[in-house]
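Asker: Structure file target-v8.cif, mmCIF, N, CA and C atoms, is pasted below:
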data_upload
#
loop_
_atom_site.label_atom_id
_atom_site.label_comp_id
_atom_site.auth_asym_id
_atom_site.auth_seq_id
_atom_site.Cartn_x
_atom_site.Cartn_y
_atom_site.Cartn_z
N MET A 1 -7.03 -10.79 -15.81
CA MET A 1 -7.23 -9.68 -16.72
C MET A 1 -6.65 -10.08 -18.08
N GLU A 2 -7.36 -9.82 -19.14
CA GLU A 2 -6.88 -10.17 -20.46
C GLU A 2 -5.65 -9.32 -20.80
N LYS A 3 -4.78 -9.92 -21.59
CA LYS A 3 -3.52 -9.27 -21.92
C LYS A 3 -3.71 -7.90 -22.57
N ASN A 4 -4.69 -7.77 -23.48
CA ASN A 4 -4.86 -6.49 -24.16
C ASN A 4 -5.40 -5.38 -23.26
N PHE A 5 -5.84 -5.73 -22.05
CA PHE A 5 -6.32 -4.72 -21.12
C PHE A 5 -5.32 -4.45 -20.00
N GLU A 6 -4.17 -5.10 -20.06
CA GLU A 6 -3.18 -4.94 -19.01
C GLU A 6 -2.57 -3.54 -19.09
N ILE A 7 -2.61 -2.83 -18.01
CA ILE A 7 -2.11 -1.46 -17.94
C ILE A 7 -0.60 -1.46 -17.71
N LEU A 8 -0.14 -2.27 -16.79
CA LEU A 8 1.28 -2.38 -16.47
C LEU A 8 1.67 -3.85 -16.53
N SER A 9 2.85 -4.12 -17.03
CA SER A 9 3.36 -5.48 -16.94
C SER A 9 3.80 -5.70 -15.49
N ASP A 10 4.01 -6.95 -15.14
CA ASP A 10 4.50 -7.24 -13.80
C ASP A 10 5.83 -6.53 -13.55
N GLN A 11 6.68 -6.50 -14.56
CA GLN A 11 7.99 -5.85 -14.42
C GLN A 11 7.83 -4.34 -14.22
N GLU A 12 6.94 -3.71 -14.98
CA GLU A 12 6.71 -2.27 -14.82
C GLU A 12 6.14 -1.95 -13.45
N ALA A 13 5.24 -2.80 -12.97
CA ALA A 13 4.67 -2.59 -11.63
C ALA A 13 5.75 -2.70 -10.58
N LYS A 14 6.65 -3.69 -10.72
CA LYS A 14 7.74 -3.84 -9.77
C LYS A 14 8.68 -2.63 -9.82
N GLU A 15 8.95 -2.12 -11.02
CA GLU A 15 9.82 -0.94 -11.14
C GLU A 15 9.20 0.27 -10.44
N GLN A 16 7.90 0.46 -10.60
CA GLN A 16 7.22 1.57 -9.92
C GLN A 16 7.29 1.37 -8.40
N LEU A 17 7.10 0.13 -7.97
CA LEU A 17 7.19 -0.17 -6.54
C LEU A 17 8.59 0.12 -6.01
N ASP A 18 9.62 -0.27 -6.76
CA ASP A 18 11.00 0.00 -6.34
C ASP A 18 11.26 1.50 -6.19
N LYS A 19 10.78 2.31 -7.13
CA LYS A 19 10.95 3.77 -7.04
C LYS A 19 10.28 4.31 -5.77
N SER A 20 9.06 3.86 -5.51
CA SER A 20 8.33 4.34 -4.34
C SER A 20 8.96 3.85 -3.04
N THR A 21 9.57 2.68 -3.07
CA THR A 21 10.21 2.14 -1.86
C THR A 21 11.37 3.03 -1.43
N LYS A 22 12.07 3.59 -2.38
CA LYS A 22 13.17 4.51 -2.03
C LYS A 22 12.62 5.74 -1.30
N GLU A 23 11.49 6.24 -1.77
CA GLU A 23 10.84 7.37 -1.10
C GLU A 23 10.35 6.96 0.29
N ALA A 24 9.91 5.72 0.40
CA ALA A 24 9.40 5.21 1.68
C ALA A 24 10.49 5.21 2.74
N GLU A 25 11.72 4.91 2.35
CA GLU A 25 12.83 4.92 3.31
C GLU A 25 12.97 6.27 3.97
N LYS A 26 12.86 7.34 3.18
CA LYS A 26 12.96 8.70 3.72
C LYS A 26 11.76 9.01 4.62
N LEU A 27 10.58 8.66 4.15
CA LEU A 27 9.35 8.97 4.88
C LEU A 27 9.30 8.27 6.24
N LEU A 28 9.77 7.03 6.27
CA LEU A 28 9.69 6.24 7.49
C LEU A 28 10.52 6.84 8.63
N LYS A 29 11.48 7.70 8.31
CA LYS A 29 12.34 8.31 9.32
C LYS A 29 11.70 9.51 10.03
N ASP A 30 10.55 9.96 9.54
CA ASP A 30 9.92 11.15 10.11
C ASP A 30 8.48 10.82 10.53
N PRO A 31 8.24 10.56 11.82
CA PRO A 31 6.91 10.17 12.29
C PRO A 31 5.80 11.19 11.94
N ASP A 32 6.14 12.48 11.98
CA ASP A 32 5.13 13.49 11.66
C ASP A 32 4.73 13.42 10.19
N LYS A 33 5.72 13.28 9.32
CA LYS A 33 5.43 13.18 7.89
C LYS A 33 4.64 11.91 7.57
N ILE A 34 4.99 10.83 8.23
CA ILE A 34 4.29 9.58 7.94
C ILE A 34 2.85 9.66 8.42
N GLU A 35 2.61 10.34 9.53
CA GLU A 35 1.23 10.49 10.01
C GLU A 35 0.43 11.34 9.03
N ARG A 36 1.02 12.41 8.53
CA ARG A 36 0.31 13.23 7.52
C ARG A 36 0.04 12.43 6.26
N PHE A 37 1.03 11.60 5.87
CA PHE A 37 0.84 10.74 4.71
C PHE A 37 -0.32 9.77 4.93
N LEU A 38 -0.37 9.14 6.10
CA LEU A 38 -1.45 8.19 6.38
C LEU A 38 -2.81 8.88 6.41
N GLN A 39 -2.85 10.13 6.84
CA GLN A 39 -4.11 10.88 6.79
C GLN A 39 -4.54 11.15 5.35
N ARG A 40 -3.59 11.46 4.47
CA ARG A 40 -3.91 11.64 3.04
C ARG A 40 -4.40 10.32 2.44
N LEU A 41 -3.78 9.24 2.84
CA LEU A 41 -4.19 7.92 2.37
C LEU A 41 -5.63 7.63 2.78
N GLU A 42 -5.97 7.93 4.02
CA GLU A 42 -7.33 7.70 4.49
C GLU A 42 -8.34 8.51 3.68
N LYS A 43 -7.98 9.75 3.34
CA LYS A 43 -8.88 10.57 2.52
C LYS A 43 -9.09 9.95 1.15
N LYS A 44 -8.01 9.44 0.55
CA LYS A 44 -8.13 8.82 -0.77
C LYS A 44 -8.96 7.54 -0.69
N LEU A 45 -8.80 6.79 0.38
CA LEU A 45 -9.57 5.56 0.53
C LEU A 45 -11.08 5.83 0.56
N LYS A 46 -11.46 7.01 1.02
CA LYS A 46 -12.88 7.35 1.07
C LYS A 46 -13.47 7.58 -0.32
N ILE A 47 -12.63 7.92 -1.30
CA ILE A 47 -13.16 8.21 -2.63
C ILE A 47 -12.86 7.13 -3.67
N VAL A 48 -11.95 6.22 -3.34
CA VAL A 48 -11.57 5.18 -4.29
C VAL A 48 -12.34 3.90 -3.98
N PRO A 49 -13.01 3.34 -4.97
CA PRO A 49 -13.69 2.06 -4.73
C PRO A 49 -12.64 0.96 -4.53
N LEU A 50 -12.73 0.26 -3.41
CA LEU A 50 -11.75 -0.79 -3.12
C LEU A 50 -12.27 -2.11 -3.67
N VAL A 51 -12.33 -2.18 -4.96
CA VAL A 51 -12.82 -3.38 -5.61
C VAL A 51 -11.66 -4.29 -5.98
N GLY A 52 -11.98 -5.54 -6.11
CA GLY A 52 -10.96 -6.49 -6.51
C GLY A 52 -10.09 -6.89 -5.35
N ASP A 53 -9.25 -7.87 -5.62
CA ASP A 53 -8.42 -8.40 -4.55
C ASP A 53 -7.18 -7.58 -4.29
N LYS A 54 -6.83 -6.67 -5.17
CA LYS A 54 -5.60 -5.90 -4.99
C LYS A 54 -5.82 -4.67 -4.11
N LEU A 55 -6.70 -3.79 -4.50
CA LEU A 55 -6.91 -2.57 -3.71
C LEU A 55 -7.58 -2.85 -2.37
N SER A 56 -8.21 -4.00 -2.23
CA SER A 56 -8.83 -4.32 -0.94
C SER A 56 -7.78 -4.54 0.16
N HIS A 57 -6.51 -4.72 -0.22
CA HIS A 57 -5.44 -4.89 0.76
C HIS A 57 -4.97 -3.56 1.35
N VAL A 58 -5.32 -2.46 0.74
CA VAL A 58 -4.79 -1.16 1.15
C VAL A 58 -5.11 -0.81 2.60
N PRO A 59 -6.34 -0.96 3.08
CA PRO A 59 -6.59 -0.57 4.49
C PRO A 59 -5.76 -1.35 5.50
N VAL A 60 -5.61 -2.65 5.31
CA VAL A 60 -4.83 -3.43 6.27
C VAL A 60 -3.35 -3.08 6.17
N MET A 61 -2.88 -2.78 4.97
CA MET A 61 -1.49 -2.36 4.82
C MET A 61 -1.26 -1.03 5.54
N ALA A 62 -2.20 -0.12 5.42
CA ALA A 62 -2.08 1.17 6.10
C ALA A 62 -2.10 0.98 7.61
N SER A 63 -2.97 0.11 8.09
CA SER A 63 -3.04 -0.18 9.52
C SER A 63 -1.72 -0.74 10.02
N LEU A 64 -1.12 -1.63 9.25
CA LEU A 64 0.15 -2.23 9.63
C LEU A 64 1.24 -1.16 9.74
N VAL A 65 1.31 -0.29 8.74
CA VAL A 65 2.32 0.78 8.77
C VAL A 65 2.11 1.68 9.98
N ARG A 66 0.88 2.04 10.25
CA ARG A 66 0.61 2.93 11.39
C ARG A 66 1.08 2.29 12.70
N LEU A 67 0.77 1.02 12.91
CA LEU A 67 1.18 0.38 14.17
C LEU A 67 2.69 0.12 14.21
N TYR A 68 3.30 -0.06 13.05
CA TYR A 68 4.76 -0.20 13.00
C TYR A 68 5.43 1.10 13.44
N VAL A 69 4.95 2.21 12.92
CA VAL A 69 5.52 3.52 13.27
C VAL A 69 5.32 3.81 14.76
N LYS A 70 4.18 3.40 15.29
CA LYS A 70 3.91 3.60 16.72
C LYS A 70 4.66 2.59 17.59
N LYS A 71 5.38 1.65 16.95
CA LYS A 71 6.13 0.60 17.63
C LYS A 71 5.23 -0.35 18.41
N GLU A 72 3.99 -0.47 17.96
CA GLU A 72 3.06 -1.40 18.58
C GLU A 72 3.12 -2.77 17.90
N TYR A 73 3.54 -2.78 16.65
CA TYR A 73 3.74 -4.04 15.91
C TYR A 73 5.02 -3.90 15.10
N THR A 74 6.03 -4.63 15.52
CA THR A 74 7.33 -4.52 14.84
C THR A 74 7.85 -5.87 14.36
N ASP A 75 7.03 -6.89 14.43
CA ASP A 75 7.45 -8.23 14.04
C ASP A 75 7.30 -8.43 12.53
N ILE A 76 8.02 -7.59 11.79
CA ILE A 76 7.97 -7.62 10.33
C ILE A 76 9.31 -7.10 9.81
N PRO A 77 9.83 -7.72 8.76
CA PRO A 77 11.11 -7.24 8.22
C PRO A 77 11.00 -5.82 7.68
N ILE A 78 12.05 -5.05 7.83
CA ILE A 78 12.06 -3.67 7.35
C ILE A 78 11.81 -3.62 5.84
N GLY A 79 12.30 -4.60 5.10
CA GLY A 79 12.07 -4.63 3.66
C GLY A 79 10.60 -4.71 3.32
N SER A 80 9.84 -5.44 4.11
CA SER A 80 8.39 -5.55 3.88
C SER A 80 7.70 -4.23 4.20
N ILE A 81 8.11 -3.59 5.28
CA ILE A 81 7.52 -2.29 5.63
C ILE A 81 7.80 -1.29 4.52
N LEU A 82 9.03 -1.28 4.02
CA LEU A 82 9.38 -0.33 2.95
C LEU A 82 8.60 -0.62 1.68
N ALA A 83 8.42 -1.89 1.34
CA ALA A 83 7.64 -2.24 0.15
C ALA A 83 6.18 -1.81 0.32
N ILE A 84 5.61 -2.06 1.49
CA ILE A 84 4.22 -1.67 1.75
C ILE A 84 4.08 -0.16 1.68
N LEU A 85 4.94 0.55 2.36
CA LEU A 85 4.88 2.00 2.36
C LEU A 85 5.11 2.55 0.95
N GLY A 86 6.03 1.95 0.22
CA GLY A 86 6.26 2.37 -1.16
C GLY A 86 5.02 2.19 -2.02
N ALA A 87 4.35 1.07 -1.88
CA ALA A 87 3.12 0.83 -2.65
C ALA A 87 2.03 1.83 -2.25
N LEU A 88 1.94 2.14 -0.97
CA LEU A 88 0.95 3.12 -0.51
C LEU A 88 1.28 4.52 -1.01
N ILE A 89 2.55 4.85 -1.08
CA ILE A 89 2.96 6.15 -1.63
C ILE A 89 2.51 6.24 -3.09
N TYR A 90 2.74 5.20 -3.85
CA TYR A 90 2.32 5.19 -5.25
C TYR A 90 0.80 5.33 -5.34
N PHE A 91 0.10 4.62 -4.48
CA PHE A 91 -1.36 4.67 -4.47
C PHE A 91 -1.88 6.08 -4.20
N VAL A 92 -1.26 6.77 -3.26
CA VAL A 92 -1.71 8.12 -2.89
C VAL A 92 -1.35 9.16 -3.94
N SER A 93 -0.23 8.95 -4.60
CA SER A 93 0.24 9.95 -5.56
C SER A 93 -0.73 10.12 -6.73
N PRO A 94 -1.17 11.35 -6.98
CA PRO A 94 -2.05 11.58 -8.13
C PRO A 94 -1.27 11.57 -9.45
N ILE A 95 0.06 11.65 -9.34
CA ILE A 95 0.91 11.68 -10.52
C ILE A 95 1.55 10.31 -10.65
N ASP A 96 0.96 9.48 -11.48
CA ASP A 96 1.53 8.17 -11.74
C ASP A 96 1.30 7.82 -13.20
N ILE A 97 1.48 6.58 -13.58
CA ILE A 97 1.42 6.21 -14.99
C ILE A 97 0.08 6.57 -15.63
N ILE A 98 -1.01 6.28 -14.92
CA ILE A 98 -2.33 6.67 -15.41
C ILE A 98 -2.90 7.63 -14.37
N PRO A 99 -3.15 8.88 -14.75
CA PRO A 99 -3.66 9.86 -13.77
C PRO A 99 -4.95 9.38 -13.10
N ASP A 100 -5.01 9.57 -11.79
CA ASP A 100 -6.18 9.15 -11.02
C ASP A 100 -7.45 9.90 -11.42
N SER A 101 -7.29 11.00 -12.12
CA SER A 101 -8.45 11.79 -12.54
C SER A 101 -9.27 11.08 -13.62
N ILE A 102 -8.71 10.06 -14.25
CA ILE A 102 -9.45 9.29 -15.25
C ILE A 102 -10.30 8.27 -14.50
N PRO A 103 -11.63 8.40 -14.57
CA PRO A 103 -12.50 7.50 -13.78
C PRO A 103 -12.19 6.03 -14.01
N VAL A 104 -12.17 5.28 -12.96
CA VAL A 104 -11.94 3.83 -12.89
C VAL A 104 -10.56 3.45 -13.42
N VAL A 105 -10.27 3.75 -14.67
CA VAL A 105 -9.01 3.36 -15.29
C VAL A 105 -7.82 3.98 -14.55
N GLY A 106 -8.01 5.14 -13.99
CA GLY A 106 -6.93 5.84 -13.29
C GLY A 106 -6.42 5.10 -12.07
N TYR A 107 -7.17 4.12 -11.59
CA TYR A 107 -6.75 3.36 -10.42
C TYR A 107 -6.18 1.99 -10.79
N LEU A 108 -6.20 1.63 -12.06
CA LEU A 108 -5.70 0.32 -12.45
C LEU A 108 -4.20 0.18 -12.21
N ASP A 109 -3.44 1.23 -12.52
CA ASP A 109 -2.00 1.14 -12.27
C ASP A 109 -1.72 1.05 -10.78
N ASP A 110 -2.53 1.73 -9.98
CA ASP A 110 -2.39 1.63 -8.53
C ASP A 110 -2.60 0.18 -8.08
N ALA A 111 -3.62 -0.46 -8.65
CA ALA A 111 -3.91 -1.85 -8.31
C ALA A 111 -2.76 -2.77 -8.70
N PHE A 112 -2.14 -2.51 -9.85
CA PHE A 112 -1.02 -3.35 -10.27
C PHE A 112 0.17 -3.19 -9.34
N VAL A 113 0.44 -1.97 -8.89
CA VAL A 113 1.58 -1.76 -7.98
C VAL A 113 1.28 -2.38 -6.61
N ILE A 114 0.06 -2.22 -6.12
CA ILE A 114 -0.32 -2.87 -4.86
C ILE A 114 -0.18 -4.38 -5.00
N GLY A 115 -0.62 -4.91 -6.14
CA GLY A 115 -0.50 -6.35 -6.39
C GLY A 115 0.94 -6.82 -6.43
N ALA A 116 1.81 -6.02 -7.05
CA ALA A 116 3.23 -6.37 -7.09
C ALA A 116 3.81 -6.41 -5.68
N CYS A 117 3.42 -5.47 -4.87
CA CYS A 117 3.86 -5.44 -3.48
C CYS A 117 3.35 -6.68 -2.74
N TRP A 118 2.08 -6.99 -2.96
CA TRP A 118 1.45 -8.10 -2.25
C TRP A 118 2.20 -9.41 -2.49
N THR A 119 2.74 -9.60 -3.68
CA THR A 119 3.46 -10.84 -3.96
C THR A 119 4.68 -10.98 -3.05
N PHE A 120 5.23 -9.87 -2.58
CA PHE A 120 6.39 -9.91 -1.70
C PHE A 120 6.04 -9.97 -0.22
N VAL A 121 4.90 -9.39 0.16
CA VAL A 121 4.62 -9.20 1.59
C VAL A 121 3.41 -9.96 2.11
N ALA A 122 2.79 -10.78 1.30
CA ALA A 122 1.53 -11.44 1.69
C ALA A 122 1.65 -12.19 3.01
N SER A 123 2.70 -12.98 3.18
CA SER A 123 2.81 -13.76 4.41
C SER A 123 3.03 -12.86 5.63
N ASP A 124 3.77 -11.77 5.45
CA ASP A 124 3.97 -10.82 6.56
C ASP A 124 2.66 -10.14 6.95
N VAL A 125 1.86 -9.79 5.96
CA VAL A 125 0.57 -9.14 6.25
C VAL A 125 -0.38 -10.16 6.89
N GLU A 126 -0.35 -11.39 6.41
CA GLU A 126 -1.19 -12.43 7.03
C GLU A 126 -0.80 -12.64 8.49
N ASP A 127 0.50 -12.60 8.80
CA ASP A 127 0.95 -12.70 10.20
C ASP A 127 0.41 -11.53 11.01
N TYR A 128 0.41 -10.35 10.42
CA TYR A 128 -0.12 -9.15 11.09
C TYR A 128 -1.61 -9.31 11.37
N ILE A 129 -2.36 -9.79 10.37
CA ILE A 129 -3.81 -9.99 10.55
C ILE A 129 -4.06 -10.99 11.67
N LYS A 130 -3.28 -12.05 11.70
CA LYS A 130 -3.41 -13.06 12.77
C LYS A 130 -3.12 -12.42 14.13
N TRP A 131 -2.06 -11.61 14.20
CA TRP A 131 -1.72 -10.91 15.45
C TRP A 131 -2.86 -10.01 15.90
N ARG A 132 -3.45 -9.28 14.94
CA ARG A 132 -4.58 -8.39 15.28
C ARG A 132 -5.72 -9.19 15.90
N LYS A 133 -6.04 -10.31 15.27
CA LYS A 133 -7.15 -11.15 15.77
C LYS A 133 -6.84 -11.72 17.14
N GLU A 134 -5.62 -12.19 17.32
CA GLU A 134 -5.21 -12.74 18.62
C GLU A 134 -5.29 -11.71 19.73
N ASN A 135 -5.10 -10.44 19.38
CA ASN A 135 -5.13 -9.36 20.36
C ASN A 135 -6.47 -8.63 20.41
N GLY A 136 -7.46 -9.17 19.70
CA GLY A 136 -8.81 -8.59 19.73
C GLY A 136 -8.89 -7.20 19.13
N LEU A 137 -8.06 -6.91 18.16
CA LEU A 137 -8.04 -5.58 17.54
C LEU A 137 -8.78 -5.59 16.21
N GLU A 138 -9.52 -4.55 15.97
CA GLU A 138 -10.19 -4.37 14.68
C GLU A 138 -9.17 -3.85 13.69
N ILE A 139 -9.38 -4.13 12.39
CA ILE A 139 -8.47 -3.62 11.34
C ILE A 139 -8.63 -2.12 11.19
N ASP A 140 -9.83 -1.61 11.30
CA ASP A 140 -10.06 -0.16 11.16
C ASP A 140 -9.58 0.53 12.41
N ASP A 141 -8.49 1.31 12.28
CA ASP A 141 -7.96 2.07 13.45
C ASP A 141 -8.77 3.30 13.70
#
Mind turning this structure into structure tokens?

Answerer:
Amino acid sequence: MEKNFEILSDQEAKEQLDKSTKEAEKLLKDPDKIERFLQRLEKKLKIVPLVGDKLSHVPVMASLVRLYVKKEYTDIPIGSILAILGALIYFVSPIDIIPDSIPVVGYLDDAFVIGACWTFVASDVEDYIKWRKENGLEIDD
């Protein structure tokens, strides 16, 4: 992306991710709340175009969180789970740096935060994808 079109710097995206990760710690302690959150995420995924390499990671990240909460997949550091959940919280929130109500542009900040998260958790998510394949599981739950 050209510099003049950059919505968030890498540092700003990381700061937003850090804020959401703190919220993720609280959410992860309540299975009912996390299930309701994942249902809201699924609704948003139906209306948001998952274009590009950043937002296309959202469904697999959501799948990972769901199986982690169900204790079906726990071979991942808690810091990675919190970062993933934090990024998903930011993605779902309609109140962020660029309001989601602005067509297309409203999702760019979401993509930057997901991308910032991905730099930290890519290998953990790749391990999860490998585990899914080894166990004959589809990514879509």

Asker: Using the chain letters and residue numbers of this document, give as number ranges by chain the residues selected by the PyMOL selection byres (((chain A and resi 75 and name CA) around 12) and name CA).

Answerer: A: 64-65, 67-69, 71-74, 76-81, 124-131

Asker: Please evaluate the PyMOL selection byres (((chain A and resi 89-92 and name CA) around 7) and name CA) against the structure above and give the resulting residues as a PyMOL selection string.

Answerer: chain A and resi 20+41+44+85-88+93-94+110

Asker: Can you sort out the box for range 12-30 of chain A, edges along x, y and z, all listed atoms in, 8 Å on every side, with centre and edge lengths in Å to one decimal, as lines of an AutoDock Vina configuration file?

Answerer:
center_x = 8.9
center_y = 3.7
center_z = -2.2
size_x = 24.5
size_y = 31.0
size_z = 41.5

Asker: Please identify the alpha helix (DSSP H) residues within chain A (assignment by DSSP from backbone atoms) and present them as number ranges by chain.

Answerer: A: 10-28, 31-47, 52-55, 58-69, 78-92, 108-134

Asker: Enter the distance from CA of Leu28 in chain A to CA of His57 in chain A, in Å, rounded to one decimal.

Answerer: 20.0 Å

Asker: Can you work out the spacing between CA of Asp30 in chain A and CA of Gln16 in chain A in Å, to one decimal?

Answerer: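 Separating CA of Asp30 in chain A from CA of Gln16 in chain A is a distance of 22.4 Å.
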
Asker: Go through A:Val60, A:Val113, A:Leu82, A:Val105 and flag the residue nearest Glu25 in chain A, using only C-alpha atoms for the distances.

Answerer: A:Leu82

Asker: May I ask for the distance between CA of Gly136 in chain A and CA of Ser63 in chain A, given in Å to one decimal place?

Answerer: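 That distance, rounded to one decimal, is 14.4 Å.
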